[in-house]
Structures are given as structure tokens and as C-alpha cells.
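The structure under discussion appears below in the form of C-alpha cells.
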Amino acid sequence: MAPTRRPVVTTPAAPVPIADIGFDDLSRQPVGIGELDRVLGGGFVTGSVTLVGGEPGAGKSTLLLQAADALADVAGTVVYCSAEESPEQIRGRAGRLGTLHPRLQLACHTDVTAIVSILDDHRPAACVVDSIQTVEHPDVAGVAGGVAQVRECASVLARTAKRLGITVVLVGHVTKDGQLAGPRTLEHLVDTVVEFDGDRHHALRLLRAVKNRFGPVGEVGCFEMTADGLRSVGDAGRLFVGEAAPDSTGVATTLVLEGRRPLACEVQALVAPTTLANPRRITSGLDGARLAVLTAVLQQRVGIGLLDRDIYAASVGGLRITEPAADLALALAVASGAIDRPLPLGVVALGEVGLAGEIRQVARMSDRLAEASRLGFGSALVPAAYDGADGGMSLYRVRDLHEALRAAGLHSSGRRDATADRPVDAARMGAAAEPGSAEARMGAAAEPGSRARVSVSEPEGGHRPEARMGAAAEPGSAEARMGAAAEPGSAEARK
Ligand SMILES: Nc1ncnc2c1ncn2[C@@H]1O[C@H](COP(=O)(O)OP(=O)(O)OP(=O)(O)O)[C@@H](O)[C@H]1O
Ligand SMILES: [Mg+2]
């Protein structure tokens, strides 16, 4: 491609009125990889510097080789500079990925001045440097990857990008323990920072923009790692909803926001007797501190005995959940695991759990409910204060964990191995609930035709009510659950 691009940045020597400064409209080059373009806000801006961060093995080189190949097709020559792999290694990967575009060129250098010379001589449309931690500047002391080297190399490449109008993409390593010389150090030197995240043991990878001088942040791209490379996943739908058997205990579903996207995600908890003085609280994909807080709230506010139990909690599919909106689902999963009783089918739980056990509002509730509805969930436990759209779902508004556990059929009476401070009186279910409270069971939650779960506990005296998720209850019986007939949110539904 002819080197005709103008520099993006022009610096006036003396102050001049801002309106008198000439400028080019941003020239944005879509890559043609849907999820990458979405995260970048429509593509790479010509002459910009983008940093792609990620843990070892996340797939940074894979993504950028695919992006380089796609860019070569639409924008012109792209140089892929590797400072950490041999040309043969990269050629091998390119063969596997099918990224052998004739305008995609490969250079292997560790000296950043050699890379700048290539850019000066060949003026490609774009250049990928893999990685910024393995290139070094001969005039700077310190080893490659050190803060001084990383900063200088990034600065030199950024200046070159602006001077020549070349799109530069840097790969940045992120270590699990802190961020030394990683993207955090570099963030202010570059225009755009995207993080490539994902559990190496799962196929799913998420790409997030954490800084973007030319577009919004908050978009998230979903990819699946396959033998042929990264595949855009336009509809993450049920990706994080597992395949646990319908009557599994310790399983609850919530919707977390990834950028602007609500994603349905299952959280699972295994609660087992401990042999340790300090029971284990182990998480995967979830915040360990959050699990500890919720465990304490379940223990102290609801009376579910967890002091002599180990708790293992995990998200499904390798998704990392940090949002408080997942609190209620995690608490329900732990409660379900502790009392060994499953949640009703087709239910999602949304809400932050406070230290008093209250259920608090979370952001963008209506979007989450709409997505849950789209995915076929029928009911949702939501904070009592939520008064927005139901998204076509049956809503069960709950003020605190007590109400949530009752609504989900996880109240404590009759459970196998936990003690409660407020055992539920079966006679209250359906009839004596306080107005406005959500004593309602998830009667409407069972999908039509699905095997409704038994959520009725055995009341005192050993009589086993026949009620099953509303419909089977004897009309008027105290055990009757809030069946499908009750309008969600109506007075009946709350009885
Ligand atoms: N043949 C293959 N089939 C499927 N997936 C593969 C194959 N080869 C590699 N991968 C995936 O690619 C990942 C490595 O990708 P890549 O080398 O792009 O990561 P990276 O982020 O650049 O790693 P590093 O930080 O080590 O440079 C592996 O973790 C694996 O998931
Ligand atoms: Mg790599």
C-alpha cells in the first residue's frame, strides 16, 4: 500500500485558537472480525496505538495474527513483528489458523529501533509488536520487560505510529501476581487498551476495552478458542449456563453484565462437611471475599449452619464474576447446597446481598431480565425495590434473604442437615405471609412440561404434602404453592 497517510497528530508551535487547528476526521479501519470491531468501537483508528493485554496462553498472538491477516485484506500491508517466537513457530501457527495473506509480512526482532526502521522503510498500514515486554531499546539500561525498557519502547513505537500514521498494536503480558511492567504501566502511553481474558482451560475468551480514546469502553467481545483459531461468538446466550442435571443442588443462575451485555451465568456451590478447624472457602471464577461475606450472612441472618462445612463455589464456563448482582444467586446456591435441595427450574436470581441480609437493587435490571426471558427463563427473584419492566418474566420481589429462600423453596424447615433460627411454618406458606413480602414460591418457574421440582419441605408430624410447584396443590390447602395462576407481583403471588 502506498505510504500516503498523513500524520494524525500535528502540534502547533505556539498556542492558537482551537477552532483554527486543522484536523482529520478519525479514519477508522474495521478489521472484519465482528467481536474485535465491536470492542474497538468500529475498528482500529489509523495511527493509533492499541495495547492488547492478557495472561500467558490467553490467545493474544492468535487473536492478533488473525487480526493482522484480516487487516492485510482490507487495509494493506501489515507487519507482524515478533520478539518472542521464531518465524517458523509463527508460520506454523499461521498455517493452522489459515492466516497466510500475501500482504501479511513477518519480522522477528527484539531491537525496537529495528522495528522503527522497518516502519520507516516499508510504511505498512499496520504493525503488530508481540510483545512489548520482549523488545528492548539499545540506549536504555535494564533488561527487556523492565519498567524503563517497556516505557521507552512503547513511547518510541507510539511516536512512530503518530508520525507515520501507522496503526500499531502492542501485545502486553499480564502476570497473575500484580502488573509489573504490564498494561497498567503502559496505559497512559497508548490510545486504547483491551484486555483479553479467559481461563486457559476453557475455550471461551472475553475481550474488553478498558481504555479507548476514540470510542466507548464497556463493550465486550466473546470468542471461542478452536483448533482453527478464535471464532467470534456473537450470541453468548447459554454459554455460561451449565449442563448440571435439573435436580442438582447448589446450582443457581444469574445474569451478569459484561460491558453492556447481560450474560446468563450459572454459579455452583458444593457444601461438604469439613475436617478442618477453619473450613475451606474455595472459589473459582468468583470473588472469595464475597463468598466469605455471603456465608457469614447466611449463617448469622438466616441461620444456615455453615461453620462446620467446606464450601467450594464456582462459575460455569470460566467466566469471572465480580459483580455484586450475582450475590443472590451465589447465596441461593450455597443455601441449596447446604440444605441439599435444588432450586426450581427456569429461575434466575438478581440482587446484591447486604450485610443485614437485605436484597439490594442492581444496575440495568430490565436489560438482564429481557435477556433471561430471551433465553427461556420464566421467573426471576429480584429486589423488592425493583419496579421496572418484567421483560416478560414472572417476578418475585424479595426484601431479604429469608424471603428469597422461601420464594425459591429453600426455607429451612424440614431440611436435612442445617438448623434455622426462623423455621418456616407451613401453614404460613400461601396464607399468612405479610403483605408485600415475597413468601411466594416459584410456582410459575417450572417450564411448561418440565419436571417441576419438589420444593415443599416435610412439615412437622411427618405428613408429606403433595403440593408440587403450585399446580398440584389442593385448592385452598395451606401447602399450596404460588402456582402459575398467581400474577407475579400481585397480592396473590405474594401470599
Ligand atoms: N492446536 C490447537 N488447538 C486448539 N487450541 C490451541 C491449539 N494450539 C494452541 N491453542 C490455544 O492457543 C492458546 C495459546 O495461544 P497464544 O499463543 O496465542 O497465546 P498468547 O496469549 O500469545 O500466549 P503467550 O503469552 O505465551 O504468548 C493455548 O492456550 C490454547 O488454548
Ligand atoms: Mg504469544
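Chain identifiers are assigned as A, B, and so on, following the order in which chains appear in the C-alpha cells; residues are numbered from 1 within each chain, and ligands are numbered from 1 in order of appearance.
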Near His402 of chain A, counting only C-alpha atoms, which residues have an atom at most 7 Å away, once you skip same-chain residues fewer than 3 positions from it, shown as a PyMOL selection string? chain A and resi 302+405-406
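Residues of segment 16-107 of chain A that DSSP places in strand (DSSP E), based on the backbone of this structure, are Arg28, Gln29, Phe44, Val45, Val49, Thr50, Leu51, Val52, Gly53, Gly54, Val78, Val79, Tyr80, Cys81, Ser82, Leu104, Gln105, Leu106 and Ala107 of chain A.
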With C-alpha atoms kept, could you save the residues just selected as a tab-separated table (two decimals), in the first residue's frame?
```
chain	number	residue	atom	x	y	z
A	28	ARG	CA	-11.30	4.06	11.39
A	29	GLN	CA	-10.46	0.76	9.79
A	44	PHE	CA	-8.64	0.41	14.64
A	45	VAL	CA	-8.12	4.16	14.29
A	49	VAL	CA	-1.64	2.60	19.39
A	50	THR	CA	-3.60	-0.25	20.91
A	51	LEU	CA	-2.38	-2.44	23.72
A	52	VAL	CA	-3.76	-5.94	23.96
A	53	GLY	CA	-3.13	-7.35	27.42
A	54	GLY	CA	-3.65	-10.84	28.66
A	78	VAL	CA	0.63	-5.48	7.79
A	79	VAL	CA	3.91	-6.31	9.51
A	80	TYR	CA	3.79	-8.78	12.37
A	81	CYS	CA	6.91	-8.25	14.48
A	82	SER	CA	7.58	-11.00	16.94
A	104	LEU	CA	0.91	-10.12	5.82
A	105	GLN	CA	4.64	-9.91	6.47
A	106	LEU	CA	6.65	-11.32	9.30
A	107	ALA	CA	9.69	-9.87	11.05
```
List all protein, DNA and RNA residues that have at least one atom no more than 10 Å from any atom of ligand 1, counting only C-alpha atoms and all ligand atoms, and write them as number ranges by chain. A: 52-66, 82, 84-85, 89-90, 93, 96-97, 130-131, 171-175, 196-205, 224-230
Write a file of the just-selected residues containing N, CA and C atoms, as a tab-separated table (two decimals), in the first residue's frame.
```tsv
chain	number	residue	atom	x	y	z
A	52	VAL	N	-2.93	-4.77	23.68
A	52	VAL	CA	-3.76	-5.94	23.96
A	52	VAL	C	-3.10	-6.71	25.10
A	53	GLY	N	-3.71	-6.68	26.26
A	53	GLY	CA	-3.13	-7.35	27.42
A	53	GLY	C	-3.80	-8.68	27.68
A	54	GLY	N	-3.05	-9.55	28.31
A	54	GLY	CA	-3.65	-10.84	28.66
A	54	GLY	C	-2.63	-11.74	29.32
A	55	GLU	N	-3.14	-12.70	30.07
A	55	GLU	CA	-2.26	-13.64	30.75
A	55	GLU	C	-1.62	-14.59	29.75
A	56	PRO	N	-0.54	-15.24	30.17
A	56	PRO	CA	0.12	-16.19	29.26
A	56	PRO	C	-0.86	-17.23	28.75
A	57	GLY	N	-0.82	-17.46	27.46
A	57	GLY	CA	-1.66	-18.50	26.88
A	57	GLY	C	-3.10	-18.09	26.64
A	58	ALA	N	-3.43	-16.83	26.91
A	58	ALA	CA	-4.82	-16.39	26.72
A	58	ALA	C	-5.20	-16.47	25.24
A	59	GLY	N	-4.22	-16.25	24.37
A	59	GLY	CA	-4.50	-16.29	22.94
A	59	GLY	C	-4.24	-14.96	22.25
A	60	LYS	N	-3.37	-14.16	22.85
A	60	LYS	CA	-3.08	-12.83	22.29
A	60	LYS	C	-2.46	-12.95	20.90
A	61	SER	N	-1.45	-13.82	20.78
A	61	SER	CA	-0.78	-13.96	19.49
A	61	SER	C	-1.75	-14.49	18.44
A	62	THR	N	-2.60	-15.40	18.89
A	62	THR	CA	-3.58	-15.98	17.97
A	62	THR	C	-4.52	-14.89	17.46
A	63	LEU	N	-5.07	-14.13	18.39
A	63	LEU	CA	-6.02	-13.07	18.02
A	63	LEU	C	-5.36	-12.07	17.07
A	64	LEU	N	-4.12	-11.67	17.40
A	64	LEU	CA	-3.50	-10.61	16.60
A	64	LEU	C	-3.01	-11.12	15.26
A	65	LEU	N	-2.66	-12.40	15.18
A	65	LEU	CA	-2.31	-12.94	13.86
A	65	LEU	C	-3.56	-12.98	12.98
A	66	GLN	N	-4.68	-13.34	13.57
A	66	GLN	CA	-5.93	-13.33	12.80
A	66	GLN	C	-6.32	-11.90	12.42
A	82	SER	N	7.55	-10.18	15.74
A	82	SER	CA	7.58	-11.00	16.94
A	82	SER	C	8.95	-10.92	17.58
A	84	GLU	N	9.32	-12.79	20.45
A	84	GLU	CA	9.37	-13.92	21.38
A	84	GLU	C	9.16	-15.28	20.74
A	85	GLU	N	8.93	-15.31	19.46
A	85	GLU	CA	8.80	-16.61	18.80
A	85	GLU	C	9.58	-16.59	17.50
A	89	GLN	N	7.86	-20.90	14.06
A	89	GLN	CA	6.75	-21.09	15.01
A	89	GLN	C	5.52	-20.32	14.55
A	90	ILE	N	5.76	-19.08	14.14
A	90	ILE	CA	4.62	-18.23	13.76
A	90	ILE	C	4.03	-18.72	12.44
A	93	ARG	N	1.79	-21.55	13.23
A	93	ARG	CA	0.50	-21.10	13.75
A	93	ARG	C	-0.35	-20.52	12.63
A	96	ARG	N	-2.00	-23.14	10.70
A	96	ARG	CA	-3.15	-23.71	11.42
A	96	ARG	C	-4.35	-22.78	11.39
A	97	LEU	N	-4.07	-21.48	11.48
A	97	LEU	CA	-5.17	-20.51	11.54
A	97	LEU	C	-5.65	-20.11	10.13
A	130	ASP	N	4.78	-8.11	19.10
A	130	ASP	CA	4.45	-9.19	20.04
A	130	ASP	C	5.75	-9.64	20.72
A	131	SER	N	6.08	-9.23	21.89
A	131	SER	CA	5.29	-8.40	22.78
A	131	SER	C	6.13	-7.21	23.23
A	171	VAL	N	1.32	-6.16	22.04
A	171	VAL	CA	0.89	-7.22	22.94
A	171	VAL	C	1.53	-6.95	24.30
A	172	GLY	N	0.77	-7.05	25.36
A	172	GLY	CA	1.31	-6.84	26.70
A	172	GLY	C	1.00	-8.02	27.60
A	173	HIS	N	2.04	-8.47	28.29
A	173	HIS	CA	1.82	-9.59	29.22
A	173	HIS	C	1.24	-9.11	30.53
A	174	VAL	N	0.33	-9.84	31.05
A	174	VAL	CA	-0.19	-9.56	32.38
A	174	VAL	C	0.13	-10.77	33.23
A	175	THR	N	0.75	-10.50	34.35
A	175	THR	CA	1.05	-11.62	35.24
A	175	THR	C	-0.05	-11.74	36.27
A	196	PHE	N	-7.57	-9.21	27.11
A	196	PHE	CA	-8.02	-10.50	26.60
A	196	PHE	C	-8.00	-11.45	27.78
A	197	ASP	N	-9.16	-11.94	28.09
A	197	ASP	CA	-9.30	-12.63	29.35
A	197	ASP	C	-9.94	-13.98	29.11
A	198	GLY	N	-9.54	-14.92	29.87
A	198	GLY	CA	-10.20	-16.21	29.74
A	198	GLY	C	-9.38	-17.28	30.42
A	199	ASP	N	-10.06	-18.27	30.88
A	199	ASP	CA	-9.40	-19.37	31.54
A	199	ASP	C	-8.79	-20.27	30.47
A	200	ARG	N	-7.49	-20.54	30.62
A	200	ARG	CA	-6.82	-21.37	29.62
A	200	ARG	C	-7.49	-22.73	29.45
A	201	HIS	N	-8.15	-23.16	30.51
A	201	HIS	CA	-8.73	-24.50	30.47
A	201	HIS	C	-10.12	-24.50	29.85
A	202	HIS	N	-10.61	-23.31	29.53
A	202	HIS	CA	-11.90	-23.23	28.85
A	202	HIS	C	-11.68	-22.61	27.48
A	203	ALA	N	-12.63	-22.89	26.59
A	203	ALA	CA	-12.48	-22.38	25.23
A	203	ALA	C	-12.86	-20.90	25.14
A	204	LEU	N	-13.59	-20.42	26.14
A	204	LEU	CA	-14.14	-19.08	25.99
A	204	LEU	C	-13.15	-17.98	26.35
A	205	ARG	N	-13.12	-16.96	25.55
A	205	ARG	CA	-12.25	-15.81	25.81
A	205	ARG	C	-13.08	-14.54	25.69
A	224	GLU	N	-14.45	-17.94	20.95
A	224	GLU	CA	-14.23	-19.32	21.35
A	224	GLU	C	-12.91	-19.75	20.74
A	225	MET	N	-12.03	-20.35	21.55
A	225	MET	CA	-10.74	-20.82	21.03
A	225	MET	C	-10.94	-22.21	20.42
A	226	THR	N	-10.66	-22.31	19.15
A	226	THR	CA	-10.78	-23.61	18.48
A	226	THR	C	-9.45	-23.95	17.85
A	227	ALA	N	-9.33	-25.14	17.31
A	227	ALA	CA	-8.09	-25.55	16.66
A	227	ALA	C	-7.78	-24.64	15.47
A	228	ASP	N	-8.82	-24.06	14.87
A	228	ASP	CA	-8.62	-23.16	13.73
A	228	ASP	C	-8.45	-21.72	14.16
A	229	GLY	N	-8.36	-21.47	15.45
A	229	GLY	CA	-8.19	-20.11	15.93
A	229	GLY	C	-9.40	-19.62	16.68
A	230	LEU	N	-9.43	-18.30	16.89
A	230	LEU	CA	-10.52	-17.72	17.66
A	230	LEU	C	-11.72	-17.47	16.77
```
With distances taken over only C-alpha atoms and all ligand atoms, the candidate from A:Ala289, A:Val16, A:Val256, A:Ile132 nearest ligand 2 is A:Ile132
Neighbours of Ser86 of chain A within 10 Å (only C-alpha atoms; same-chain residues fewer than 5 positions away dropped), as a list in words? Arg91, Gly92, Ala107, Cys108 and His109 of chain A
What does the file look like for those residues with C-alpha atoms, as a PDB file, in the first residue's frame?
```
ATOM      1  CA  ARG A  91       4.423 -19.709  10.285  1.00  0.00           C
ATOM      2  CA  GLY A  92       3.209 -22.934  11.857  1.00  0.00           C
ATOM      3  CA  ALA A 107       9.692  -9.872  11.054  1.00  0.00           C
ATOM      4  CA  CYS A 108      11.416 -11.211  14.146  1.00  0.00           C
ATOM      5  CA  HIS A 109      13.345  -8.555  16.081  1.00  0.00           C
TER       6      HIS A 109
END
```
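You can rank A:Leu119, A:Leu170, A:Cys265, A:Val251 by their closest distance to ligand 2 using only C-alpha atoms and all ligand atoms, and at the top of that list sits A:Leu170.
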Identify, on the basis of only C-alpha atoms, every residue whose closest approach to segment 383-397 of chain A does not exceed 6 Å; exclude the query and any residue fewer than 5 positions from it along the same chain; express the result as number ranges by chain. A: 351, 359-361, 366, 369-370, 378, 438, 488
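The nearest approach to Val168 of chain A among the residues A:Asp191, A:Asp247, A:Glu35, A:Glu152, with only C-alpha atoms taken into account, belongs to A:Asp191.
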Pick out the residues sitting within 7 Å of Val150 of chain A, and hand them over as number ranges by chain; count only C-alpha atoms, and ignore anything fewer than 3 positions along from it in its own chain. A: 132-133, 145-147, 153-154, 181
Apply DSSP to the backbone of this structure and, from segment 18-162 of chain A, keep only the residues in alpha helix (DSSP H); write these as a VMD selection string. chain A and resid 34 to 40 60 to 74 87 to 97 112 to 122 147 to 162
Extract, using only C-alpha atoms, all DNA, RNA and protein residues at most 12 Å from Thr167 of chain A, discarding same-chain residues fewer than 2 positions from it, and format them as a PyMOL selection string. chain A and resi 5+7-8+27-31+43-51+68+71-72+75-80+119+123-129+157-165+169-170+190-192
Deliver the residues from the most recent selection as a file, using C-alpha atoms, as an mmCIF file, in the first residue's frame.
```
data_model
loop_
_atom_site.group_PDB
_atom_site.id
_atom_site.type_symbol
_atom_site.label_atom_id
_atom_site.label_comp_id
_atom_site.auth_asym_id
_atom_site.auth_seq_id
_atom_site.Cartn_x
_atom_site.Cartn_y
_atom_site.Cartn_z
ATOM 1 C CA ARG A 5 -1.260 8.643 5.074
ATOM 2 C CA PRO A 7 0.353 12.015 10.479
ATOM 3 C CA VAL A 8 -2.628 12.003 12.812
ATOM 4 C CA SER A 27 -10.100 7.323 9.983
ATOM 5 C CA ARG A 28 -11.297 4.058 11.392
ATOM 6 C CA GLN A 29 -10.460 0.758 9.792
ATOM 7 C CA PRO A 30 -12.838 -2.086 10.586
ATOM 8 C CA VAL A 31 -10.920 -5.330 10.853
ATOM 9 C CA GLY A 43 -12.166 -0.882 14.164
ATOM 10 C CA PHE A 44 -8.642 0.406 14.641
ATOM 11 C CA VAL A 45 -8.123 4.156 14.285
ATOM 12 C CA THR A 46 -5.373 4.849 11.778
ATOM 13 C CA GLY A 47 -2.214 5.988 13.541
ATOM 14 C CA SER A 48 -3.403 4.865 16.954
ATOM 15 C CA VAL A 49 -1.636 2.598 19.393
ATOM 16 C CA THR A 50 -3.598 -0.248 20.907
ATOM 17 C CA LEU A 51 -2.376 -2.436 23.722
ATOM 18 C CA ALA A 68 -3.294 -8.875 11.098
ATOM 19 C CA LEU A 71 -6.337 -6.115 8.224
ATOM 20 C CA ALA A 72 -3.968 -7.080 5.422
ATOM 21 C CA ALA A 75 -6.093 -2.058 4.745
ATOM 22 C CA GLY A 76 -2.856 -3.067 3.023
ATOM 23 C CA THR A 77 0.490 -4.385 4.172
ATOM 24 C CA VAL A 78 0.633 -5.477 7.791
ATOM 25 C CA VAL A 79 3.914 -6.313 9.509
ATOM 26 C CA TYR A 80 3.788 -8.779 12.372
ATOM 27 C CA LEU A 119 8.107 1.032 9.668
ATOM 28 C CA ARG A 123 5.322 2.229 5.735
ATOM 29 C CA PRO A 124 2.854 -0.606 6.307
ATOM 30 C CA ALA A 125 -0.769 0.107 7.106
ATOM 31 C CA ALA A 126 -0.411 -1.596 10.451
ATOM 32 C CA CYS A 127 2.163 -3.240 12.658
ATOM 33 C CA VAL A 128 1.786 -5.754 15.466
ATOM 34 C CA VAL A 129 4.549 -5.951 18.071
ATOM 35 C CA LEU A 157 6.567 2.974 18.886
ATOM 36 C CA ALA A 158 3.759 5.390 19.785
ATOM 37 C CA ARG A 159 5.683 8.347 18.369
ATOM 38 C CA THR A 160 6.367 6.392 15.202
ATOM 39 C CA ALA A 161 2.713 5.438 14.858
ATOM 40 C CA LYS A 162 1.626 9.086 15.089
ATOM 41 C CA ARG A 163 4.427 10.325 12.846
ATOM 42 C CA LEU A 164 3.735 7.874 10.044
ATOM 43 C CA GLY A 165 0.012 7.269 10.547
ATOM 44 C CA VAL A 169 -0.883 -2.909 18.103
ATOM 45 C CA LEU A 170 1.199 -3.961 21.081
ATOM 46 C CA VAL A 190 -1.314 4.223 24.369
ATOM 47 C CA ASP A 191 -4.677 5.241 22.926
ATOM 48 C CA THR A 192 -6.610 2.075 23.525
#
```
Hey, which of A:Gly354, A:Pro324, A:Pro138, A:Pro15 ends up closest to Asp287 of chain A? Count only C-alpha atoms. A:Pro324
Write out as JSON, numbers by chain the residues lying within 8 Å of Arg238 of chain A, counting only C-alpha atoms and excluding same-chain residues fewer than 6 positions away. {"A": [263, 264, 265, 375]}
From the list A:Ala363, A:Val135, A:Val217, A:Val241, which residue is nearest Phe377 of chain A when using only C-alpha atoms? A:Val241
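Atom to atom, atom CA of Ala333 of chain A and atom CA of Gly318 of chain A stand 17.3 Å apart.
Closest approach to ligand 2 among A:Ser117, A:Thr134, A:Ser284, A:Ser315 is made by A:Thr134 (distances from only C-alpha atoms and all ligand atoms).
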